[in-house]
Amino acid sequence: MLPTLNFGRHVLNQIEIGITKEWIETNGKGAYSMGTIIGANTRRHHALFSANSQDGLNRTILVNRIEEAVLLNGQKIDCSCQEYPNTISPQGHLQLETFRSCPFPTWTLAIQNIKISKSFFLMHGQDVAVLHYKHLVGPSVKMLLRPFFSCRDQNDLIREDDRFNDAIEIRSNFIKCKVKGMPEFFTQVAQKRANGTESYSLFADGYWYKNLLYAHDEEKGINHNEDLYSPGQIVAEINENDEISLVFSCAPIDSPNVSEWVAQETAYRERALPEGTLIPNFKTKCAISAKKLLVLDKTDPDIISGFPWVQLSFRESLMSLPGICLATGNTEAARSILLRMSKAFQNIIVPFSLTSSDPEMLEYPNMDAPLWWVWALQKYFAATQDAGILMEVKHQLEHILKSYESGVTHSDPGYSLEIRMDTDALLWGSSTKWPLTWMDRKIMDSLITPRKGKPVEVQALWYNALMFYSEIAPRIDSDPRPYASLAEKVKMNFNLLFWNAQTKYLYDVIDGNFREGSVRPNALYSISLPYAILDQDKFKTIFETAGKSLYTSFGLRTLSPTEPHFHSLYKGDQKNLALAKHNGTVFSFFIGPFLTAYFKTYGSSADTREKAVHMLMPFVDHLADAGLGMISEMFDGKTPHAPRGISADARGLAEILRVMNEEQLEL
């Protein structure tokens with residue numbers, strides 16, 4: 001039985017509740033569709049049908065939404081809703097009776113004594129979206145279906161313009177749209193009636209709907225109003241057991257067989273369940289959701305950082321690989337990703353994404369991404385004992401370590417980039433152009449969390465990489481002693497320099513005589529990585545301080561609330577969001593290193609595993625919030641810890657899966 005989330009009128013008919021819950025569909029090729037369960041779009045990224053960009057980083061939103069209504073006894077009854085400034089119009093959410101999430105988003109519309117089922121899915125491995133209606137109970141009605149087109153980049157908004165002039169062609173059973181510079185696409189009608197006849201018409205009455213409001217974007221302080229174009233309307237008569245579908249695709253489809261597609265999609269999704277599963281547990285639900293973030297249906301697998309603003313980030317893919325791939329049994333995908341990434345290193349400058357076409361993004365220096373690659377390789381080797389991959393990446397692995405030793409600068413003085421090993425064997429870095437660690441954030445020319453110098457987690461990753469190389473060196477015909485000796489020096493100086501006797505915690509960054517002593521979660525990596533750089537007698541102190549100051553129900557705050565620059569809410573304009581993001585906002589993925597540090601501090605026993613399960617329990621309920629079945633990227637730093645950021649985060653989901661897999665946790 002596929003895991004499903006069900007909601008009734010108490011959620012669906014209250015817009016302030018229903019608007020916070022989002023369904024997500026993916027097709028295994030990187031495309032997605034997404035919206036709220038009540039139908040109102042709240043983000044510029046919400047869409048029914050989108051097309052992939054060639055670099056894999058962006059999507060073009062083609063079909064934005066559908067406005068639905070029925071004609072009953074001469075009365076038009078709206079079945080969809082959308083927010084406009086100071087009003088909700090139409091208010092079709094009041095006709096929604098039920099919603100269930102599996103095998104794909106499915107609604108029941110209840111209009112007087114009529115019930116109509118509506119479902120939506122993306123076809124696996126194809127750029128095809130299907131919106132399917134079936135008349136369940138009641139007298140004959142006419143359905144009015146009006147598609148809204150936008151034909152824009154997923155990150156943009158549009159106002160009325162001439163892009164649709166001469167771009168629309170309406171035939172008897174389809175609408176063709178070809179906007180200059182955008183993919184051509186089709187909206188086809190497929191009807192299945194009990195009497196074997198068809199009864200629908202397409203009417204060309206194109207006009208613009210003005211000033212739709214996206215509440216989520218408004219909350220972020222960014223542009224949040226948009227105009228959308230509707231090319232026409234489909235009017236269809238349906239009786240009990242009749243079906244009608246809208247099929248969106250980038251090429252026309254001869255005789256769409258929607259009933260067959262529904263059966264195929266249902267069967268495909270059921271195959272994702274482990275054999276014999278009757279009631280999926282939390283781990284199984286997370287593993288199924290992880291498949292939505294793993295792109296397998298193309299030549300090279302990829303891990304998507306999250307939805308709705310899709311990325312293929314080098315660093316985040318690596319941080320997610322053990323959970324998204326290894327914990328779910330996709331070891332071949334993990335191997336392919338690691339090998340592909342290994343070819344992208346230029347010294348220790350890596351591209352933002354393997355598929356980026358932006359020249360600047362091809363040179364994206366940072367201090368930690370190559371070390372996260374070593375960590376992901378280490379996790380892969382521990383899971384598979386695949387000695388062959390070690391020989392295949394021997395050169396790249398040695399190249400990474402030597403690059404840190406010799407140091408890297410950028411030839412362009414505008415970068416002001418330098419990453420090097422200092423005389424104490426710790427890693428130091430600085431750049432005025434690029435943020436060098438995961439926590440850095442830059443707005444205009446201002447660094448919100450400047451981390452010039454020696455960041456704590458980079459040293460932990462560096463030591464772990466040196467020790468891992470020393471471990472595998474005999475397998476790849478290398479001498480482990482030089483790097484083992486270097487690792488010993490790194491550990492000694494780290495414990496000497498990073499210990500903050502005043503707070504009984506670790507400094508977050510040191511640079512010469514400068515010490516940044518804010519209590520942040522990065523210190524946990526000194527314990528949680530396979531080779532811990534921190535002296536073991538300090539494990540308990542560090543863990544308990546993090547638990548007391550940073551731990552919340554949904555992960556760890558990025559800054560202790562006792563710090564004067566703590567920001568509790570991730571709200572406001574872009575500057576306030578930037579200030580809050582790494583100064584108090586909770587990141588879900590930190591539950592992983594936190595729990596791993598817990599087990600390394602207190603050991604793995606029935607008692608500690610039970611306590612870890614209690615710490616994961618809030619995420620069980622969270623699967624019914626925000627992105628349904630998914631883990632949100634961030635949460636506010638104070639209760640009730642409202643979900644923020646992307647609603648389907650790869651790192652958050654991955655770290656939960658990783659720690660549950662490694663510690664054999666079940667809930």
# chains A, B, ... in the order shown; residues from 1 in each chain; ligands from 1
$ residues_around --residues "Pro521 in chain A" --least-positions-apart "6" --cutoff "8 Å" --atoms "only C-alpha atoms" --output "PyMOL selection string"
chain A and resi 546+550+556-559+590
$ write_last_selection --atoms "C-alpha atoms" --output "compact mmCIF listing (two decimals), in the first residue's frame"
# COMPACT_ATOMS: atom_id res chain seq x y z
CA ALA A 546 24.63 22.23 20.84
CA LEU A 550 20.70 24.95 18.96
CA LEU A 556 19.44 22.88 14.54
CA ARG A 557 19.48 26.65 14.65
CA THR A 558 22.35 28.26 12.82
CA LEU A 559 23.03 30.49 15.82
CA PHE A 590 21.60 19.35 10.73
$ residues_around --residues "Val613 in chain A" --least-positions-apart "3" --cutoff "8 Å" --atoms "only C-alpha atoms" --output "JSON, numbers by chain"
{"A": [609, 610, 616, 617, 665, 666, 667]}
$ residues_around --residues "Phe282 in chain A" --least-positions-apart "2" --cutoff "9 Å" --atoms "only C-alpha atoms" --output "list of chain:residue names"
A:Pro280, A:Thr284, A:Lys285, A:Cys286, A:Ala287, A:Phe619, A:Val620, A:Glu666, A:Leu667
$ select_by_dssp --residues "range 435-529 of chain A" --states "strand (DSSP E or B)" --output "PyMOL selection string"
chain A and resi 442-443+446-447+453-455+499-500+505-506+509-511+514-516
$ write_last_selection --atoms "N, CA, C and O atoms" --output "PDB file, in the first residue's frame"
ATOM      1  N   LYS A 442      25.983  36.216   0.675  1.00  0.00           N
ATOM      2  CA  LYS A 442      26.376  37.524   0.177  1.00  0.00           C
ATOM      3  C   LYS A 442      25.181  38.214  -0.453  1.00  0.00           C
ATOM      4  O   LYS A 442      24.478  37.648  -1.276  1.00  0.00           O
ATOM      5  N   ILE A 443      24.902  39.446  -0.033  1.00  0.00           N
ATOM      6  CA  ILE A 443      23.882  40.282  -0.630  1.00  0.00           C
ATOM      7  C   ILE A 443      24.569  41.523  -1.175  1.00  0.00           C
ATOM      8  O   ILE A 443      25.211  42.264  -0.426  1.00  0.00           O
ATOM      9  N   SER A 446      27.930  42.739   0.278  1.00  0.00           N
ATOM     10  CA  SER A 446      28.077  42.537   1.721  1.00  0.00           C
ATOM     11  C   SER A 446      28.009  41.054   2.059  1.00  0.00           C
ATOM     12  O   SER A 446      27.094  40.344   1.627  1.00  0.00           O
ATOM     13  N   LEU A 447      28.971  40.588   2.841  1.00  0.00           N
ATOM     14  CA  LEU A 447      28.942  39.232   3.368  1.00  0.00           C
ATOM     15  C   LEU A 447      28.155  39.248   4.676  1.00  0.00           C
ATOM     16  O   LEU A 447      28.513  39.950   5.621  1.00  0.00           O
ATOM     17  N   GLY A 453      39.113  33.018   6.748  1.00  0.00           N
ATOM     18  CA  GLY A 453      40.012  32.388   7.702  1.00  0.00           C
ATOM     19  C   GLY A 453      39.878  30.882   7.680  1.00  0.00           C
ATOM     20  O   GLY A 453      39.832  30.259   6.612  1.00  0.00           O
ATOM     21  N   LYS A 454      39.757  30.300   8.871  1.00  0.00           N
ATOM     22  CA  LYS A 454      39.740  28.846   9.018  1.00  0.00           C
ATOM     23  C   LYS A 454      38.407  28.403   9.629  1.00  0.00           C
ATOM     24  O   LYS A 454      38.249  28.377  10.851  1.00  0.00           O
ATOM     25  N   PRO A 455      37.420  28.065   8.789  1.00  0.00           N
ATOM     26  CA  PRO A 455      36.120  27.621   9.310  1.00  0.00           C
ATOM     27  C   PRO A 455      36.237  26.248   9.975  1.00  0.00           C
ATOM     28  O   PRO A 455      36.964  25.371   9.508  1.00  0.00           O
ATOM     29  N   TRP A 499      39.498  25.313  20.568  1.00  0.00           N
ATOM     30  CA  TRP A 499      38.771  25.166  21.826  1.00  0.00           C
ATOM     31  C   TRP A 499      38.555  26.530  22.471  1.00  0.00           C
ATOM     32  O   TRP A 499      39.494  27.291  22.696  1.00  0.00           O
ATOM     33  N   ASN A 500      37.276  26.854  22.739  1.00  0.00           N
ATOM     34  CA  ASN A 500      36.905  28.110  23.388  1.00  0.00           C
ATOM     35  C   ASN A 500      36.637  27.813  24.855  1.00  0.00           C
ATOM     36  O   ASN A 500      35.568  27.320  25.219  1.00  0.00           O
ATOM     37  N   TYR A 505      33.029  25.411  24.069  1.00  0.00           N
ATOM     38  CA  TYR A 505      32.560  25.057  22.733  1.00  0.00           C
ATOM     39  C   TYR A 505      33.707  25.336  21.776  1.00  0.00           C
ATOM     40  O   TYR A 505      34.835  25.671  22.195  1.00  0.00           O
ATOM     41  N   LEU A 506      33.478  25.198  20.491  1.00  0.00           N
ATOM     42  CA  LEU A 506      34.508  25.464  19.495  1.00  0.00           C
ATOM     43  C   LEU A 506      34.263  26.804  18.829  1.00  0.00           C
ATOM     44  O   LEU A 506      33.118  27.208  18.606  1.00  0.00           O
ATOM     45  N   VAL A 509      35.128  30.227  13.447  1.00  0.00           N
ATOM     46  CA  VAL A 509      36.163  30.620  12.494  1.00  0.00           C
ATOM     47  C   VAL A 509      37.302  31.257  13.279  1.00  0.00           C
ATOM     48  O   VAL A 509      37.064  32.015  14.226  1.00  0.00           O
ATOM     49  N   ILE A 510      38.517  30.958  12.875  1.00  0.00           N
ATOM     50  CA  ILE A 510      39.661  31.686  13.417  1.00  0.00           C
ATOM     51  C   ILE A 510      40.481  32.226  12.249  1.00  0.00           C
ATOM     52  O   ILE A 510      40.526  31.646  11.174  1.00  0.00           O
ATOM     53  N   ASP A 511      41.100  33.391  12.485  1.00  0.00           N
ATOM     54  CA  ASP A 511      41.914  34.032  11.449  1.00  0.00           C
ATOM     55  C   ASP A 511      42.980  34.854  12.142  1.00  0.00           C
ATOM     56  O   ASP A 511      42.711  35.965  12.623  1.00  0.00           O
ATOM     57  N   PHE A 514      42.141  36.616  15.414  1.00  0.00           N
ATOM     58  CA  PHE A 514      40.684  36.762  15.465  1.00  0.00           C
ATOM     59  C   PHE A 514      40.048  35.419  15.792  1.00  0.00           C
ATOM     60  O   PHE A 514      40.420  34.386  15.244  1.00  0.00           O
ATOM     61  N   ARG A 515      39.062  35.457  16.691  1.00  0.00           N
ATOM     62  CA  ARG A 515      38.307  34.261  17.061  1.00  0.00           C
ATOM     63  C   ARG A 515      36.815  34.587  17.013  1.00  0.00           C
ATOM     64  O   ARG A 515      36.359  35.495  17.705  1.00  0.00           O
ATOM     65  N   GLU A 516      36.066  33.853  16.182  1.00  0.00           N
ATOM     66  CA  GLU A 516      34.610  34.043  16.108  1.00  0.00           C
ATOM     67  C   GLU A 516      33.980  32.991  17.004  1.00  0.00           C
ATOM     68  O   GLU A 516      33.955  31.812  16.673  1.00  0.00           O
TER      69      GLU A 516
END
$ closest_atom_pairs --of "range 470-497 of chain A" --to "range 364-387 of chain A" --cutoff "12 Å" --atoms "only C-alpha atoms" --output "JSON lines"
{"residue": "A:Ser470", "atom": "CA", "partner": "A:Gln378", "partner_atom": "CA", "distance": 11.9}
{"residue": "A:Glu471", "atom": "CA", "partner": "A:Gln378", "partner_atom": "CA", "distance": 10.2}
{"residue": "A:Ile472", "atom": "CA", "partner": "A:Ala387", "partner_atom": "CA", "distance": 9.1}
{"residue": "A:Ala473", "atom": "CA", "partner": "A:Ala387", "partner_atom": "CA", "distance": 11.3}
{"residue": "A:Pro474", "atom": "CA", "partner": "A:Ala387", "partner_atom": "CA", "distance": 11.2}
{"residue": "A:Arg475", "atom": "CA", "partner": "A:Ala387", "partner_atom": "CA", "distance": 7.5}
{"residue": "A:Ile476", "atom": "CA", "partner": "A:Ala387", "partner_atom": "CA", "distance": 8.7}
$ residues_around --residues "Glu544 in chain A" --least-positions-apart "5" --cutoff "12 Å" --atoms "only C-alpha atoms" --output "list in words"
Thr503, Lys504, Tyr505, Val519, Pro521, Ala523, Leu524, Lys538, Phe539, Ser549, Leu550, Tyr551, Phe594, Leu595, Ala597, Tyr598, Thr601 and Tyr602 of chain A
$ atom_distance --atom1 "CA of Leu569 in chain A" --atom2 "CA of Asp508 in chain A"
22.2 Å
$ closest_residue --among "A:Met467, A:Leu579, A:Ala642, A:Leu496" --to "Thr20 in chain A" --atoms "only C-alpha atoms"
A:Ala642
$ select_by_dssp --residues "range 234-471 of chain A" --states "helix (DSSP H, G or I)" --output "ChimeraX atom specification"
/A:258-270,282-293,314-324,326-328,331-342,359-362,369-384,387-392,394-406,456-471
$ atom_distance --atom1 "CA of Ser528 in chain A" --atom2 "CA of Leu326 in chain A"
17.9 Å
$ residues_around --residues "range 266-273 of chain A" --least-positions-apart "4" --cutoff "10 Å" --atoms "only C-alpha atoms" --output "number ranges by chain"
A: 1-3, 102-104, 121, 123-124, 260-262, 277-280, 284-285, 287-289, 291
